[in-house]
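**Student:** Below is the structure I would like to discuss, written out as structure tokens.
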Amino acid sequence: MPCLNYAHTIAAVSVFMVISGCTRSADKEHDMSHAESAWIELTGDADHWRTYRGEGLPAAWVPTEDGGLHFTGEGAGGDIITVEQFDNFVLELEWKISKGGNSGIMFRVSENHDYPWRTGPEFQILDDEEHPDAREGNDRLAGANYDMHPPSENVVKPAGEWNQVKLVVNEERVEHWMNGRKIVAYSLWSDEWRKRIADSKWIDMPDYGMNETGHLCLQDHGDKVWFRTIRIRQL
């Protein structure tokens, strides 16, 4: 009798494992399909981007043939933001900067102030070899959380070459990835965050980095910069 129960038990377990395995496999396929369908392509047009505190794309921001954006520095400029707002997300894009150039990607930006950098933390874009900011501190190098957190290693490519970015923002946790490497990680609103604020240029900006949702922003710093393959997935 005990042998019969054991055999029945093994059979039942086998059936459960087969069914469970099929279920997990189906769930995995569903999750992957869902993740792919959740990506939003932020093509370089007025459907997705507009001037900060204004309407439409300024003349200096030109849509490119590959669906990206190029800041030419010619004509009316200014920082641009996404039409939509985002809270928790993964942002992926590629950028390249002109020689000696400077730009940035900001997130959770509000329009309650004259400039987006009064609220939005910045993923620094820089020509580390030529721009003077690179000599003012490691927290101003390409990939840094500008004036707050330096990159853990130098993985930036020279001016004129494309760099890959993944920016992960999930509640208070933020990660900066560049060219396949995680180079910055920090927690918004933490004690360590507040200490760094006190030692930074943001000390007199109480709304800096405090938003739980907001626009993405591409910076006009006066230098030519290119962005392409811009997409975002909400978490």
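Letters for chains follow the order of the structure tokens (A, B, ...), residue numbers begin at 1 for each chain, and ligand numbers begin at 1 in the order shown.
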So that I can see what lies close to A:Asp79, please list as JSON, numbers by chain the residues with an atom at most 9 Å from it, counting only C-alpha atoms and leaving out residues fewer than 4 positions away in the same chain.
**Tutor:** {"A": [50, 51, 52, 58, 115, 116, 217, 218, 219, 220, 221]}
**Student:** Write out the residues from the selection above, keeping C-alpha atoms, as a short mmCIF file (atom, residue, chain, number, x, y, z; two decimals), in the first residue's frame.
**Tutor:**
data_model
loop_
_atom_site.label_atom_id
_atom_site.label_comp_id
_atom_site.auth_asym_id
_atom_site.auth_seq_id
_atom_site.Cartn_x
_atom_site.Cartn_y
_atom_site.Cartn_z
CA ARG A 50 7.73 70.85 -27.40
CA THR A 51 9.62 73.82 -26.08
CA TYR A 52 9.82 74.22 -22.32
CA PRO A 58 11.86 75.65 -31.73
CA TYR A 115 14.30 76.71 -16.16
CA PRO A 116 13.92 72.91 -16.18
CA CYS A 217 13.97 67.30 -21.06
CA LEU A 218 16.73 67.62 -23.66
CA GLN A 219 19.01 70.55 -22.97
CA ASP A 220 20.01 73.42 -25.21
CA HIS A 221 23.44 74.32 -23.86
#
**Student:** Can you list, as a PyMOL selection string, all residues belonging to stretch 125-220 of chain A that DSSP tags as alpha helix (DSSP H)?
**Tutor:** chain A and resi 191-198
**Student:** Could you check the closest approach to A:His70 for each of A:Pro132, A:Lys182, A:Asp223, A:Pro150 and tell me which residue wins, using only C-alpha atoms?
**Tutor:**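 The closest residue to A:His70 is A:Asp223.
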**Student:** Can you list, as a PyMOL selection string, every protein, DNA or RNA residue that comes within 12 Å of A:Val184 when you count only C-alpha atoms, leaving out same-chain residues fewer than 2 positions away?
**Tutor:** chain A and resi 122-124+138-139+141-146+148-155+165-169+173-178+181-182+186-187
**Student:** Please save N, CA and C atoms of the selected residues as a short mmCIF file (atom, residue, chain, number, x, y, z; two decimals), in the first residue's frame.
**Tutor:**
data_model
loop_
_atom_site.label_atom_id
_atom_site.label_comp_id
_atom_site.auth_asym_id
_atom_site.auth_seq_id
_atom_site.Cartn_x
_atom_site.Cartn_y
_atom_site.Cartn_z
N GLU A 122 19.88 65.74 -13.79
CA GLU A 122 20.42 65.71 -15.16
C GLU A 122 21.45 64.62 -15.37
N PHE A 123 21.21 63.81 -16.39
CA PHE A 123 22.21 62.89 -16.92
C PHE A 123 23.12 63.72 -17.82
N GLN A 124 24.36 63.92 -17.40
CA GLN A 124 25.27 64.83 -18.10
C GLN A 124 25.73 64.28 -19.45
N ASN A 138 34.62 65.42 -11.04
CA ASN A 138 34.15 64.19 -11.65
C ASN A 138 32.63 64.13 -11.77
N ASP A 139 31.93 64.90 -10.92
CA ASP A 139 30.47 64.88 -10.99
C ASP A 139 29.93 65.76 -12.12
N LEU A 141 31.38 65.02 -15.33
CA LEU A 141 31.78 64.23 -16.49
C LEU A 141 30.57 63.61 -17.18
N ALA A 142 30.74 63.18 -18.41
CA ALA A 142 29.66 62.53 -19.14
C ALA A 142 29.14 61.33 -18.36
N GLY A 143 27.81 61.26 -18.26
CA GLY A 143 27.18 60.16 -17.55
C GLY A 143 26.89 60.44 -16.10
N ALA A 144 27.47 61.50 -15.54
CA ALA A 144 27.24 61.85 -14.14
C ALA A 144 25.81 62.31 -13.90
N ASN A 145 25.37 62.21 -12.65
CA ASN A 145 24.21 62.98 -12.20
C ASN A 145 24.78 64.36 -11.91
N TYR A 146 24.56 65.28 -12.81
CA TYR A 146 25.31 66.54 -12.86
C TYR A 146 25.41 67.24 -11.51
N MET A 148 26.29 66.18 -8.76
CA MET A 148 25.85 65.40 -7.60
C MET A 148 26.61 64.08 -7.46
N HIS A 149 26.55 63.23 -8.49
CA HIS A 149 27.15 61.89 -8.42
C HIS A 149 28.04 61.66 -9.63
N PRO A 150 29.32 61.37 -9.42
CA PRO A 150 30.22 61.11 -10.55
C PRO A 150 30.03 59.70 -11.10
N PRO A 151 30.39 59.48 -12.36
CA PRO A 151 30.36 58.12 -12.89
C PRO A 151 31.43 57.26 -12.23
N SER A 152 31.14 55.97 -12.08
CA SER A 152 32.09 55.07 -11.43
C SER A 152 33.27 54.72 -12.34
N GLU A 153 33.09 54.88 -13.64
CA GLU A 153 34.17 54.63 -14.59
C GLU A 153 33.93 55.46 -15.84
N ASN A 154 34.99 55.64 -16.61
CA ASN A 154 34.91 56.44 -17.83
C ASN A 154 34.63 55.52 -19.02
N VAL A 155 33.41 55.57 -19.53
CA VAL A 155 33.04 54.72 -20.66
C VAL A 155 32.57 55.54 -21.86
N VAL A 165 22.54 55.15 -23.97
CA VAL A 165 22.10 55.49 -22.62
C VAL A 165 20.91 54.63 -22.22
N LYS A 166 20.92 54.17 -20.98
CA LYS A 166 19.72 53.63 -20.35
C LYS A 166 19.58 54.34 -19.00
N LEU A 167 18.46 55.02 -18.83
CA LEU A 167 18.18 55.72 -17.59
C LEU A 167 16.99 55.04 -16.93
N VAL A 168 17.20 54.49 -15.73
CA VAL A 168 16.15 53.78 -15.00
C VAL A 168 15.74 54.61 -13.81
N VAL A 169 14.45 54.94 -13.73
CA VAL A 169 13.91 55.71 -12.62
C VAL A 169 12.72 54.94 -12.07
N ARG A 173 14.67 55.28 -6.64
CA ARG A 173 15.91 54.71 -7.14
C ARG A 173 16.17 55.13 -8.59
N VAL A 174 17.42 55.53 -8.86
CA VAL A 174 17.81 55.98 -10.19
C VAL A 174 19.12 55.29 -10.58
N GLU A 175 19.19 54.84 -11.83
CA GLU A 175 20.42 54.26 -12.36
C GLU A 175 20.76 54.94 -13.69
N HIS A 176 22.03 55.27 -13.87
CA HIS A 176 22.55 55.77 -15.14
C HIS A 176 23.40 54.66 -15.77
N TRP A 177 23.02 54.24 -16.96
CA TRP A 177 23.81 53.29 -17.73
C TRP A 177 24.31 53.98 -19.00
N MET A 178 25.55 53.67 -19.37
CA MET A 178 26.07 54.21 -20.62
C MET A 178 26.98 53.17 -21.28
N ARG A 181 27.24 49.84 -19.44
CA ARG A 181 27.77 49.79 -18.08
C ARG A 181 26.94 50.67 -17.14
N LYS A 182 26.64 50.14 -15.96
CA LYS A 182 25.98 50.97 -14.94
C LYS A 182 27.05 51.80 -14.26
N TYR A 186 21.76 56.03 -7.39
CA TYR A 186 21.49 56.84 -6.21
C TYR A 186 20.02 56.77 -5.84
N SER A 187 19.73 57.24 -4.62
CA SER A 187 18.36 57.28 -4.12
C SER A 187 17.96 58.73 -3.88
#
**Student:** Find the residue from A:His48, A:Lys157, A:Gly67, A:Glu55 that sits nearest to A:Glu84; use only C-alpha atoms when measuring.
**Tutor:** A:His48
**Student:** Would you please work out which residue, of A:Leu126, A:Ala185, A:Val90, A:Trp95, is nearest to A:Phe107 when using only C-alpha atoms?
**Tutor:**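 Going through A:Leu126, A:Ala185, A:Val90, A:Trp95 one by one, the smallest distance to A:Phe107 is for A:Val90.
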**Student:** I'd like the interatomic distance between atom CA of A:Asp128 and atom CA of A:Lys99, to a tenth of an Å.
**Tutor:** 9.5 Å
**Student:** List the neighbours of A:Glu65 out to 12 Å using only C-alpha atoms; skip same-chain residues closer than 6 positions along the sequence, and give me the result as a VMD selection string.
**Tutor:** chain A and resid 43 to 45 226 to 229
**Student:** Rounded to one decimal, what separation in Å do you get between atom CA of A:Ala198 and atom CA of A:Asp147?
**Tutor:**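 Atom-to-atom, atom CA of A:Ala198 and atom CA of A:Asp147 are spaced 11.2 Å apart.
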**Student:** When distances are computed from only C-alpha atoms, which of A:Glu172, A:Asp191, A:Glu136, A:Asp87 shows the smallest separation from A:Ser110?
**Tutor:** A:Asp87
**Student:** I'd like the neighbourhood of stretch 200-209 of chain A as a PyMOL selection string, where a residue qualifies if any of its atoms comes within 6 Å (using only C-alpha atoms), though same-chain residues fewer than 4 positions away should be ignored.
**Tutor:** chain A and resi 118-121
**Student:** Selection from above, C-alpha atoms, as a PDB file, in the first residue's frame, can you write it?
**Tutor:**
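The resulting file, again.pdb, is reproduced below:
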ATOM      1  CA  ARG A 118      15.482  73.890 -11.162  1.00  0.00           C
ATOM      2  CA  THR A 119      13.491  70.672 -10.756  1.00  0.00           C
ATOM      3  CA  GLY A 120      14.962  67.917 -12.962  1.00  0.00           C
ATOM      4  CA  PRO A 121      18.112  65.922 -12.140  1.00  0.00           C
TER       5      PRO A 121
END
**Student:** Write out as a ChimeraX atom specification all residues of stretch 79-163 of chain A that DSSP puts in strand (DSSP E or B) for this structure's backbone.
**Tutor:** /A:80-82,86,89-97,102-109,122-126,145,149,163
**Student:** Mind dumping the selected residues with N, CA, C and O atoms as a short mmCIF file (atom, residue, chain, number, x, y, z; two decimals), in the first residue's frame?
**Tutor:**
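Once written, out_29.cif looks like this:
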data_model
loop_
_atom_site.label_atom_id
_atom_site.label_comp_id
_atom_site.auth_asym_id
_atom_site.auth_seq_id
_atom_site.Cartn_x
_atom_site.Cartn_y
_atom_site.Cartn_z
N ILE A 80 13.91 71.55 -24.65
CA ILE A 80 12.65 70.95 -25.06
C ILE A 80 12.27 69.83 -24.09
O ILE A 80 13.14 69.20 -23.47
N ILE A 81 10.96 69.59 -23.96
CA ILE A 81 10.46 68.57 -23.04
C ILE A 81 9.46 67.68 -23.77
O ILE A 81 8.92 68.05 -24.82
N THR A 82 9.22 66.51 -23.19
CA THR A 82 8.21 65.62 -23.75
C THR A 82 6.82 66.21 -23.51
O THR A 82 6.57 66.88 -22.51
N PHE A 86 6.10 61.45 -17.10
CA PHE A 86 6.40 60.08 -16.72
C PHE A 86 6.84 60.05 -15.26
O PHE A 86 7.49 60.98 -14.78
N PHE A 89 10.13 54.68 -15.00
CA PHE A 89 10.33 54.33 -16.40
C PHE A 89 11.74 53.84 -16.67
O PHE A 89 12.65 54.00 -15.83
N VAL A 90 11.91 53.26 -17.84
CA VAL A 90 13.23 53.01 -18.43
C VAL A 90 13.30 53.82 -19.72
O VAL A 90 12.44 53.66 -20.60
N LEU A 91 14.28 54.68 -19.82
CA LEU A 91 14.50 55.48 -21.02
C LEU A 91 15.76 54.97 -21.71
O LEU A 91 16.80 54.78 -21.07
N GLU A 92 15.66 54.74 -23.01
CA GLU A 92 16.83 54.36 -23.81
C GLU A 92 16.98 55.33 -24.98
O GLU A 92 15.97 55.72 -25.58
N LEU A 93 18.20 55.70 -25.27
CA LEU A 93 18.49 56.56 -26.42
C LEU A 93 19.97 56.51 -26.74
O LEU A 93 20.77 55.93 -26.00
N GLU A 94 20.33 57.14 -27.84
CA GLU A 94 21.72 57.33 -28.20
C GLU A 94 21.97 58.83 -28.40
O GLU A 94 21.09 59.55 -28.88
N TRP A 95 23.16 59.28 -28.03
CA TRP A 95 23.52 60.68 -28.23
C TRP A 95 24.95 60.78 -28.75
O TRP A 95 25.78 59.93 -28.49
N LYS A 96 25.20 61.88 -29.46
CA LYS A 96 26.58 62.27 -29.76
C LYS A 96 26.67 63.78 -29.67
O LYS A 96 25.71 64.50 -29.94
N ILE A 97 27.82 64.25 -29.28
CA ILE A 97 28.02 65.67 -29.01
C ILE A 97 29.10 66.21 -29.94
O ILE A 97 30.00 65.48 -30.37
N ASN A 102 28.41 70.42 -24.78
CA ASN A 102 27.76 70.16 -23.49
C ASN A 102 26.25 70.10 -23.72
O ASN A 102 25.69 70.90 -24.47
N SER A 103 25.59 69.15 -23.09
CA SER A 103 24.13 69.05 -23.13
C SER A 103 23.71 68.18 -21.96
O SER A 103 24.51 67.92 -21.04
N GLY A 104 22.46 67.73 -21.94
CA GLY A 104 22.01 66.90 -20.84
C GLY A 104 20.61 66.37 -21.06
O GLY A 104 19.86 66.86 -21.91
N ILE A 105 20.28 65.35 -20.27
CA ILE A 105 18.95 64.74 -20.26
C ILE A 105 18.41 64.89 -18.84
O ILE A 105 19.01 64.37 -17.90
N MET A 106 17.31 65.59 -18.69
CA MET A 106 16.69 65.77 -17.37
C MET A 106 15.40 64.98 -17.28
O MET A 106 14.78 64.67 -18.30
N PHE A 107 14.99 64.66 -16.06
CA PHE A 107 13.77 63.88 -15.87
C PHE A 107 12.96 64.42 -14.69
O PHE A 107 13.47 65.13 -13.84
N ARG A 108 11.67 64.06 -14.70
CA ARG A 108 10.70 64.54 -13.70
C ARG A 108 10.76 66.07 -13.58
O ARG A 108 10.75 66.65 -12.49
N VAL A 109 10.78 66.70 -14.74
CA VAL A 109 10.84 68.17 -14.82
C VAL A 109 9.43 68.74 -14.73
O VAL A 109 8.50 68.25 -15.36
N GLU A 122 19.88 65.74 -13.79
CA GLU A 122 20.42 65.71 -15.16
C GLU A 122 21.45 64.62 -15.37
O GLU A 122 22.44 64.52 -14.63
N PHE A 123 21.21 63.81 -16.39
CA PHE A 123 22.21 62.89 -16.92
C PHE A 123 23.12 63.72 -17.82
O PHE A 123 22.71 64.17 -18.88
N GLN A 124 24.36 63.92 -17.40
CA GLN A 124 25.27 64.83 -18.10
C GLN A 124 25.73 64.28 -19.45
O GLN A 124 26.09 63.10 -19.57
N ILE A 125 25.69 65.13 -20.46
CA ILE A 125 26.26 64.86 -21.78
C ILE A 125 27.39 65.85 -21.99
O ILE A 125 27.20 67.06 -21.85
N LEU A 126 28.57 65.33 -22.33
CA LEU A 126 29.75 66.21 -22.38
C LEU A 126 30.84 65.59 -23.26
O LEU A 126 30.97 64.37 -23.35
N ASN A 145 25.37 62.21 -12.65
CA ASN A 145 24.21 62.98 -12.20
C ASN A 145 24.78 64.36 -11.91
O ASN A 145 25.41 64.57 -10.87
N HIS A 149 26.55 63.23 -8.49
CA HIS A 149 27.15 61.89 -8.42
C HIS A 149 28.04 61.66 -9.63
O HIS A 149 27.55 61.68 -10.77
N ASN A 163 26.88 57.40 -28.25
CA ASN A 163 26.87 56.77 -26.93
C ASN A 163 25.47 56.26 -26.62
O ASN A 163 24.48 56.96 -26.87
#
**Student:** Near A:Trp61, within 8 Å and counting only C-alpha atoms, which residues show up once chain neighbours fewer than 2 positions away are dropped, as an MDAnalysis selection string?
**Tutor:** chainID A and resid 57:59 63 69:73 77
**Student:** Expressed in Å to a single decimal, how great is the separation between atom CA of A:Val156 and atom CA of A:Leu42?
**Tutor:**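 These atoms are spaced 23.3 Å apart.
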**Student:** Of the residues A:Trp117, A:Trp162, A:Trp39, A:Trp189, which is the one nearest to A:Glu212, using only C-alpha atoms?
**Tutor:**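 Smallest distance to A:Glu212 is found for A:Trp189.
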**Student:** Using only C-alpha atoms, which residues sit within 7 Å of A:Asn88 once same-chain residues fewer than 4 positions away are excluded, as an mmCIF file with N, CA and C atoms, in the first residue's frame?
**Tutor:**
data_model
loop_
_atom_site.group_PDB
_atom_site.id
_atom_site.type_symbol
_atom_site.label_atom_id
_atom_site.label_comp_id
_atom_site.auth_asym_id
_atom_site.auth_seq_id
_atom_site.Cartn_x
_atom_site.Cartn_y
_atom_site.Cartn_z
ATOM 1 N N VAL A 169 14.450 54.935 -13.732
ATOM 2 C CA VAL A 169 13.908 55.713 -12.618
ATOM 3 C C VAL A 169 12.715 54.941 -12.067
ATOM 4 N N ASN A 170 12.850 54.459 -10.839
ATOM 5 C CA ASN A 170 11.807 53.642 -10.216
ATOM 6 C C ASN A 170 11.604 54.108 -8.781
ATOM 7 N N GLU A 171 10.506 54.833 -8.550
ATOM 8 C CA GLU A 171 10.267 55.470 -7.248
ATOM 9 C C GLU A 171 11.455 56.385 -6.940
ATOM 10 N N GLN A 234 7.273 52.559 -19.392
ATOM 11 C CA GLN A 234 6.862 52.860 -18.033
ATOM 12 C C GLN A 234 6.935 51.611 -17.169
ATOM 13 N N LEU A 235 7.346 51.767 -15.921
ATOM 14 C CA LEU A 235 7.448 50.661 -14.972
ATOM 15 C C LEU A 235 6.214 50.610 -14.079
#
